[in-house]
$ cat coords_24.txt   # compact mmCIF, C-alpha atoms
# COMPACT_ATOMS: atom_id res chain seq x y z
CA MET A 24 93.43 75.30 135.26
CA LEU A 25 91.01 74.52 132.45
CA ILE A 26 90.23 78.22 132.03
CA VAL A 27 93.95 79.00 131.71
CA LEU A 28 94.36 76.12 129.26
CA TYR A 29 91.39 77.35 127.24
CA ILE A 30 92.66 80.95 127.12
CA SER A 31 96.20 79.88 126.16
CA LEU A 32 94.72 77.60 123.49
CA ILE A 33 92.65 80.49 122.07
CA VAL A 34 95.66 82.83 122.00
CA SER A 35 97.76 80.11 120.34
CA TYR A 36 95.02 79.64 117.75
CA VAL A 37 95.00 83.37 116.99
CA ILE A 38 98.78 83.32 116.58
CA VAL A 39 98.68 80.32 114.27
CA PHE A 40 95.79 81.72 112.24
CA THR A 41 97.58 85.06 111.80
CA GLY A 42 100.64 83.20 110.58
CA VAL A 43 98.62 81.02 108.27
CA GLU A 44 96.41 83.80 106.90
CA GLU A 45 99.28 86.05 105.81
CA LEU A 46 102.04 85.03 103.48
CA SER A 47 104.99 84.41 105.77
CA PRO A 48 108.33 85.27 104.11
CA SER A 49 110.14 82.65 106.21
CA LEU A 50 107.81 79.86 105.18
CA LEU A 51 107.81 81.09 101.60
CA LEU A 52 111.60 80.85 101.62
CA ILE A 53 111.47 77.31 103.00
CA ASN A 54 108.82 76.34 100.46
CA LEU A 55 111.02 77.63 97.61
CA LEU A 56 114.06 75.74 98.87
CA LYS A 57 112.01 72.61 99.48
CA LYS A 58 111.44 72.32 95.72
CA ASN A 59 115.20 71.76 95.20
CA PRO A 60 116.31 70.05 98.37
CA MET A 61 119.62 68.76 96.99
CA ASP A 62 120.66 71.60 94.65
CA GLY A 63 119.21 74.57 96.50
CA LYS A 64 118.66 77.98 94.95
CA ALA A 65 120.88 80.92 94.23
CA TYR A 66 120.28 84.24 95.93
CA SER A 67 119.12 85.92 92.71
CA GLU A 68 116.58 83.14 92.09
CA LEU A 69 115.15 83.56 95.58
CA VAL A 70 114.81 87.34 95.21
CA GLN A 71 113.17 86.86 91.81
CA GLU A 72 110.64 84.43 93.28
CA PHE A 73 109.89 86.78 96.16
CA GLU A 74 109.25 89.66 93.74
CA ARG A 75 106.08 87.87 92.61
CA PHE A 76 104.50 88.38 96.02
CA ASN A 77 103.48 91.77 97.35
CA LEU A 78 104.44 91.35 100.98
CA ILE A 79 104.16 94.95 102.12
CA ASP A 80 100.86 96.14 100.63
CA SER A 81 98.89 93.22 102.08
CA ARG A 82 100.29 93.96 105.53
CA VAL A 83 99.55 97.67 105.25
CA LEU A 84 95.99 96.82 104.24
CA GLY A 85 95.72 94.44 107.16
CA LEU A 86 96.98 97.05 109.62
CA ASN A 87 94.56 99.58 108.15
CA LYS A 88 91.65 97.16 108.48
CA GLY A 89 92.67 96.35 112.03
CA GLY A 90 92.58 100.03 112.97
CA ILE A 91 96.30 100.15 113.77
CA ILE A 92 97.14 102.70 111.06
CA PHE A 93 95.27 105.19 108.97
CA ILE A 94 96.22 106.40 105.53
CA LYS A 95 96.05 110.17 105.02
CA GLY A 96 96.77 110.91 101.37
CA GLU A 97 100.26 109.59 100.78
CA LYS A 98 101.15 109.35 104.43
CA ILE A 99 100.55 106.52 106.84
CA GLU A 100 100.16 107.25 110.54
CA LEU A 101 99.36 105.31 113.67
CA THR A 102 95.92 105.47 115.23
CA THR A 103 95.52 105.66 119.00
CA LYS A 104 95.26 101.87 119.05
CA GLY A 105 98.38 101.72 116.91
CA LEU A 106 100.24 103.98 119.33
CA ILE A 107 99.39 101.65 122.21
CA PHE A 108 100.81 98.72 120.24
CA PHE A 109 103.85 100.83 119.31
CA TRP A 110 104.71 101.61 122.93
CA ALA A 111 104.07 98.02 123.98
CA TYR A 112 106.40 96.70 121.26
CA LYS A 113 109.07 99.23 122.20
CA LYS A 114 108.97 98.17 125.85
CA LEU A 115 109.08 94.50 124.93
CA LEU A 116 112.01 95.06 122.59
CA LEU A 117 113.92 96.82 125.36
CA ILE A 118 113.32 93.90 127.70
CA THR A 119 114.21 91.20 125.21
CA LYS A 120 117.34 92.71 123.64
CA MET B 16 97.20 70.79 144.99
CA GLU B 17 96.60 74.52 144.46
CA ILE B 18 100.35 75.09 144.46
CA PHE B 19 100.72 72.32 141.90
CA LEU B 20 98.33 74.17 139.58
CA THR B 21 100.88 76.98 139.32
CA LEU B 22 103.37 74.53 137.80
CA PRO B 23 102.85 75.66 134.15
CA PHE B 24 103.58 79.26 135.17
CA VAL B 25 106.62 78.26 137.24
CA ALA B 26 107.94 76.23 134.31
CA LEU B 27 107.23 79.14 131.95
CA ALA B 28 109.12 81.47 134.29
CA ILE B 29 112.06 79.03 134.20
CA ASN B 30 111.75 78.91 130.40
CA ILE B 31 111.86 82.72 130.17
CA ALA B 32 114.72 83.03 132.68
CA ILE B 33 116.84 80.46 130.84
CA TYR B 34 116.09 82.16 127.53
CA PHE B 35 117.43 85.48 128.81
CA ILE B 36 120.48 83.83 130.40
CA ILE B 37 121.37 82.05 127.14
CA ASN B 38 120.62 85.29 125.26
CA SER B 39 123.82 86.74 126.69
CA TYR B 40 125.90 83.99 125.09
CA THR B 41 124.34 83.37 121.70
CA LYS B 42 122.15 85.15 119.17
CA LYS B 43 120.74 81.93 117.67
CA THR B 44 117.10 82.65 118.46
CA ILE B 45 115.55 79.29 117.64
CA GLN B 46 118.14 77.24 119.52
CA LYS B 47 117.79 79.46 122.60
CA GLN B 48 114.05 79.09 122.59
CA LEU B 49 114.17 75.33 122.12
CA ILE B 50 116.67 74.82 124.95
CA ALA B 51 114.64 77.07 127.27
CA PHE B 52 111.41 75.29 126.31
CA PHE B 53 112.80 71.81 126.90
CA LEU B 54 114.28 72.69 130.27
CA GLY B 55 110.92 74.07 131.39
CA PHE B 56 109.24 70.99 129.92
CA ILE B 57 111.53 68.71 131.93
CA VAL B 58 110.49 70.56 135.08
CA VAL B 59 106.79 70.10 134.24
CA ILE B 60 107.16 66.42 133.36
CA SER B 61 109.31 65.67 136.41
CA CYS B 62 106.86 67.31 138.81
CA ALA B 63 103.86 65.78 137.06
CA ALA B 64 105.48 62.34 137.25
CA THR B 65 105.71 62.63 141.03
CA ARG B 66 101.92 63.12 141.19
CA ILE B 67 100.82 60.24 138.99
CA GLY B 68 98.24 58.37 141.01
CA GLN B 69 97.62 61.30 143.37
CA LEU B 70 96.01 63.60 140.81
CA GLU B 71 93.60 62.89 137.99
CA PHE B 72 95.36 62.00 134.76
CA ASP B 73 93.44 64.59 132.70
CA LEU B 74 94.51 67.32 135.14
CA LEU B 75 98.14 66.34 134.65
CA ILE B 76 97.63 66.45 130.87
CA ALA B 77 95.96 69.88 131.22
CA ILE B 78 98.99 71.16 133.17
CA ILE B 79 101.42 69.89 130.54
CA LEU B 80 99.35 71.28 127.68
CA THR B 81 99.00 74.65 129.42
CA TYR B 82 102.79 74.89 129.69
CA ILE B 83 103.17 73.95 126.00
CA PHE B 84 100.67 76.60 124.84
CA LEU B 85 102.08 79.29 127.15
CA SER B 86 105.58 78.51 125.83
CA PHE B 87 104.25 78.68 122.28
CA ILE B 88 102.86 82.16 122.99
CA PHE B 89 106.21 83.28 124.47
CA PHE B 90 108.08 81.72 121.53
CA ASN B 91 105.97 83.67 119.04
CA LEU B 92 106.23 86.87 121.04
CA ILE B 93 110.03 86.77 120.82
CA SER B 94 110.07 85.59 117.17
CA GLY B 95 107.51 88.17 116.20
CA LEU B 96 109.43 91.01 117.80
CA ASN B 97 112.53 89.94 115.89
CA SER B 98 111.06 89.27 112.50
CA SER B 99 107.43 90.25 112.04
CA ILE B 100 107.08 92.72 109.18
CA ARG B 101 103.88 94.10 110.68
CA ILE B 102 105.57 94.89 113.99
CA LYS B 103 108.50 96.49 112.18
CA ILE B 104 106.06 98.64 110.17
CA VAL B 105 104.31 99.80 113.35
CA LEU B 106 107.65 100.57 115.04
CA LEU B 107 108.88 102.48 112.00
CA ILE B 108 105.73 104.59 111.68
CA GLY B 109 105.73 105.23 115.44
CA ASN B 110 109.36 106.36 115.41
CA GLU B 111 108.91 108.59 112.35
CA ASN B 112 105.37 109.81 113.18
CA SER B 113 104.33 109.21 109.59
CA VAL B 114 105.71 107.30 106.63
CA SER B 115 104.71 107.10 102.97
CA LEU B 116 103.82 103.79 101.33
CA LYS B 117 106.63 104.44 98.86
CA ASP B 118 109.13 104.67 101.73
CA LEU B 119 107.72 101.51 103.32
CA ARG B 120 108.20 99.63 100.05
CA ARG B 121 111.75 100.93 99.80
CA ILE B 122 112.70 100.05 103.39
CA PHE B 123 110.98 96.67 103.28
CA SER B 124 112.19 95.84 99.82
CA THR B 125 112.18 92.26 98.61
CA GLN B 126 115.94 92.13 98.89
CA ASN B 127 115.92 93.35 102.50
CA ILE B 128 113.24 90.83 103.45
CA VAL B 129 115.09 87.94 101.80
CA ASP B 130 118.44 89.04 103.27
CA PHE B 131 117.06 89.20 106.79
CA ARG B 132 115.52 85.76 106.64
CA LEU B 133 118.47 84.12 104.94
CA HIS B 134 120.82 85.58 107.55
CA ARG B 135 118.64 84.33 110.40
CA MET B 136 118.16 80.85 108.97
CA VAL B 137 121.83 80.41 108.09
CA ALA B 138 122.77 81.48 111.64
CA SER B 139 120.29 78.92 113.02
CA LYS B 140 121.62 76.30 110.57
CA ILE B 141 118.18 75.73 109.07
CA ILE B 142 119.74 76.71 105.72
CA ILE B 143 123.33 76.20 104.60
CA TYR B 144 125.22 78.09 101.93
CA ARG B 145 127.16 75.82 99.63
CA ASN B 146 128.49 76.31 96.08
CA ASN B 147 126.80 79.73 95.84
CA LYS B 148 123.41 78.22 96.65
CA TYR B 149 121.16 78.11 99.66
CA ILE B 150 120.08 74.63 100.68
CA LEU B 151 117.65 73.46 103.33
CA SER B 152 119.42 71.45 105.99
CA SER B 153 116.55 70.60 108.30
CA ASN B 154 113.83 68.03 107.58
CA LEU B 155 111.96 69.16 110.67
CA ILE B 156 111.41 72.54 109.05
CA ILE B 157 109.95 70.86 105.96
CA LEU B 158 107.56 69.01 108.25
CA ILE B 159 106.50 72.28 109.90
CA MET B 160 106.13 73.82 106.44
CA ASN B 161 103.80 71.02 105.33
CA LEU B 162 101.79 71.45 108.53
CA PHE B 163 101.29 75.13 107.72
CA ILE B 164 100.17 74.30 104.18
CA PHE B 165 97.67 71.86 105.66
CA LEU B 166 96.46 74.52 108.11
CA LYS B 167 96.06 76.99 105.27
CA PHE B 168 93.93 74.46 103.45
CA LEU B 169 91.86 73.91 106.60
CA PHE B 170 91.39 77.62 107.30
CA ASP B 171 90.60 78.24 103.65
CA ALA B 172 93.12 81.08 103.66
CA LYS B 173 94.81 82.60 100.62
CA GLN B 174 96.71 80.29 98.29
CA TYR B 175 100.17 79.97 99.72
CA ARG B 176 102.10 77.66 97.53
CA ALA B 177 104.61 79.39 95.27
CA LYS B 178 103.97 78.29 91.73
$ encode --input "coords_24.txt" --output "structure tokens"
Amino acid sequence: MLIVLYISLIVSYVIVFTGVEELSPSLLLINLLKKNPMDGKAYSELVQEFERFNLIDSRVLGLNKGGIIFIKGEKIELTTKGLIFFWAYKKLLLITK
Amino acid sequence: MEIFLTLPFVALAINIAIYFIINSYTKKTIQKQLIAFFLGFIVVISCAATRIGQLEFDLLIAIILTYIFLSFIFFNLISGLNSSIRIKIVLLIGNENSVSLKDLRRIFSTQNIVDFRLHRMVASKIIIYRNNKYILSSNLIILIMNLFIFLKFLFDAKQYRAK
């Protein structure tokens, strides 16, 4: 039981760290709205605030570093490791939809 | 006692089963997950309560914590599949065989990202739309937000706070 607890704790830590390390759009949105809890923000204000953060490039770099994708000139493709993740995600999506 | 050690997995299986049953009736992801989690949690607590005195207290705590962490992993698996940009990028590249960075930026534009999250949070009633503005309606979310900021500080990760 302790081994299972330890492993699930480690996996949970990895999940939390991944969420904390990257800029989460959901938490960014909440953080922006938190500043004006009573008045809120208009859609255009939210989009403008989001424009200041480069959400895609950092993730592409992260995937590249993690060996999930490789960048060939202007094109981005999946590595073998990336393909394994791709098929796993596809199967999981089928099950959960 | 060995059978009792499978309790976290049994409760997780109940959690998952209830999630998929509720999935047929509602698309509110967070509510589904919370209901499924709490029903599994009730099973764990109820069974653990029957063994107080028969089993060591720290073993009972370990069983409860194992269920909580396993549920957390399942929760993030489902949430991640629905909303993680990284997973969506991998799925897109896999489906198209190759994609340019320019196309990625176009598909995952700021507007698309904001739209998706606003839609999800309004559907889950975390945010409400009133007088042409989006307003936070959940104090619990603010608490979770502050916890993440604290974790970012602890992990010495990139600066997160929007200026």
$ interface_residues --input "coords_24.txt" --of "chain A" --to "chain B" --cutoff "7 Å" --atoms "all atoms listed in the file" --output "PyMOL selection string"
chain A and resi 24-25+28+31-32+35+43-44+46+49-50+56-57+60-66+70+73-74+79+82+97-101+106+109+116
$ atom_distance --input "coords_24.txt" --atom1 "atom CA of B:Ser94" --atom2 "atom CA of A:Ile33"
18.8 Å
$ atom_distance --input "coords_24.txt" --atom1 "atom CA of A:Val39" --atom2 "atom CA of A:Lys104"
22.3 Å
$ atom_distance --input "coords_24.txt" --atom1 "atom CA of A:Gly105" --atom2 "atom CA of A:Ile92"
6.1 Å
$ closest_residue --input "coords_24.txt" --among "A:Leu52, A:Val27, A:Leu78, A:Val37" --to "B:His134" --atoms "only C-alpha atoms"
A:Leu52
$ residues_around --input "coords_24.txt" --residues "A:Thr103" --least-positions-apart "4" --cutoff "9 Å" --atoms "all atoms listed in the file" --output "list of chain:residue names"
A:Gly90, A:Ile91, A:Ile92, A:Ile107, A:Phe108
$ axis_aligned_box --input "coords_24.txt" --around "stretch 90-98 of chain A" --padding-each-side "8 Å" --output "JSON"
{"center_x": 96.9, "center_y": 105.5, "center_z": 107.3, "size_x": 24.6, "size_y": 26.9, "size_z": 29.0}
$ closest_residue --input "coords_24.txt" --among "A:Ile118, A:Ser47, A:Ile38, A:Thr102" --to "A:Lys88" --atoms "all atoms listed in the file"
A:Thr102
$ decode --input "coords_24.txt" --residues "stretch 46-119 of chain A" --atoms "C-alpha atoms" --output "mmCIF file, in the first residue's frame"
data_model
loop_
_atom_site.group_PDB
_atom_site.id
_atom_site.type_symbol
_atom_site.label_atom_id
_atom_site.label_comp_id
_atom_site.auth_asym_id
_atom_site.auth_seq_id
_atom_site.Cartn_x
_atom_site.Cartn_y
_atom_site.Cartn_z
ATOM 1 C CA LEU A 46 1.702 29.272 -17.865
ATOM 2 C CA SER A 47 -1.775 27.799 -17.611
ATOM 3 C CA PRO A 48 -4.340 29.777 -19.653
ATOM 4 C CA SER A 49 -7.136 28.788 -17.253
ATOM 5 C CA LEU A 50 -5.291 30.040 -14.200
ATOM 6 C CA LEU A 51 -4.152 33.128 -16.078
ATOM 7 C CA LEU A 52 -7.792 33.867 -16.871
ATOM 8 C CA ILE A 53 -8.781 33.440 -13.234
ATOM 9 C CA ASN A 54 -5.879 35.609 -12.107
ATOM 10 C CA LEU A 55 -6.977 38.384 -14.493
ATOM 11 C CA LEU A 56 -10.572 38.236 -13.278
ATOM 12 C CA LYS A 57 -9.467 38.078 -9.656
ATOM 13 C CA LYS A 58 -8.084 41.614 -9.980
ATOM 14 C CA ASN A 59 -11.631 42.948 -10.576
ATOM 15 C CA PRO A 60 -13.820 40.578 -8.621
ATOM 16 C CA MET A 61 -16.903 42.823 -8.583
ATOM 17 C CA ASP A 62 -16.692 44.518 -12.010
ATOM 18 C CA GLY A 63 -15.118 41.730 -14.039
ATOM 19 C CA LYS A 64 -13.475 42.238 -17.413
ATOM 20 C CA ALA A 65 -14.761 42.582 -20.925
ATOM 21 C CA TYR A 66 -13.877 40.005 -23.555
ATOM 22 C CA SER A 67 -11.629 42.418 -25.460
ATOM 23 C CA GLU A 68 -9.689 43.246 -22.288
ATOM 24 C CA LEU A 69 -9.092 39.561 -21.600
ATOM 25 C CA VAL A 70 -7.853 38.893 -25.141
ATOM 26 C CA GLN A 71 -5.583 41.937 -24.929
ATOM 27 C CA GLU A 72 -4.076 40.695 -21.657
ATOM 28 C CA PHE A 73 -3.551 37.227 -23.098
ATOM 29 C CA GLU A 74 -1.730 38.663 -26.122
ATOM 30 C CA ARG A 75 1.143 39.610 -23.800
ATOM 31 C CA PHE A 76 1.926 35.951 -23.178
ATOM 32 C CA ASN A 77 3.307 33.637 -25.820
ATOM 33 C CA LEU A 78 1.423 30.478 -24.962
ATOM 34 C CA ILE A 79 2.206 28.423 -28.044
ATOM 35 C CA ASP A 80 5.941 28.932 -28.573
ATOM 36 C CA SER A 81 6.819 27.929 -25.003
ATOM 37 C CA ARG A 82 4.820 24.731 -25.388
ATOM 38 C CA VAL A 83 6.396 23.913 -28.735
ATOM 39 C CA LEU A 84 9.826 24.433 -27.181
ATOM 40 C CA GLY A 85 8.847 22.213 -24.273
ATOM 41 C CA LEU A 86 7.634 19.448 -26.579
ATOM 42 C CA ASN A 87 10.829 19.749 -28.611
ATOM 43 C CA LYS A 88 12.974 19.520 -25.482
ATOM 44 C CA GLY A 89 10.966 16.547 -24.275
ATOM 45 C CA GLY A 90 11.628 14.698 -27.531
ATOM 46 C CA ILE A 91 7.946 14.588 -28.491
ATOM 47 C CA ILE A 92 8.365 16.667 -31.660
ATOM 48 C CA PHE A 93 11.184 17.675 -33.920
ATOM 49 C CA ILE A 94 11.385 20.808 -36.008
ATOM 50 C CA LYS A 95 12.498 20.298 -39.609
ATOM 51 C CA GLY A 96 12.870 23.701 -41.238
ATOM 52 C CA GLU A 97 9.420 25.247 -41.052
ATOM 53 C CA LYS A 98 7.642 22.005 -40.331
ATOM 54 C CA ILE A 99 7.005 20.326 -37.018
ATOM 55 C CA GLU A 100 6.635 16.562 -36.869
ATOM 56 C CA LEU A 101 6.210 13.938 -34.195
ATOM 57 C CA THR A 102 9.121 11.784 -33.100
ATOM 58 C CA THR A 103 8.623 8.075 -32.414
ATOM 59 C CA LYS A 104 8.024 8.945 -28.770
ATOM 60 C CA GLY A 105 5.562 11.590 -29.898
ATOM 61 C CA LEU A 106 3.716 9.064 -32.044
ATOM 62 C CA ILE A 107 3.302 6.776 -29.039
ATOM 63 C CA PHE A 108 1.796 9.647 -27.062
ATOM 64 C CA PHE A 109 -0.389 10.549 -30.058
ATOM 65 C CA TRP A 110 -1.908 7.074 -30.300
ATOM 66 C CA ALA A 111 -2.338 6.882 -26.531
ATOM 67 C CA TYR A 112 -4.175 10.230 -26.461
ATOM 68 C CA LYS A 113 -6.369 9.184 -29.379
ATOM 69 C CA LYS A 114 -7.389 5.973 -27.623
ATOM 70 C CA LEU A 115 -8.083 7.796 -24.373
ATOM 71 C CA LEU A 116 -10.159 10.420 -26.167
ATOM 72 C CA LEU A 117 -12.245 7.695 -27.782
ATOM 73 C CA ILE A 118 -12.891 6.107 -24.399
ATOM 74 C CA THR A 119 -13.714 9.321 -22.592
#
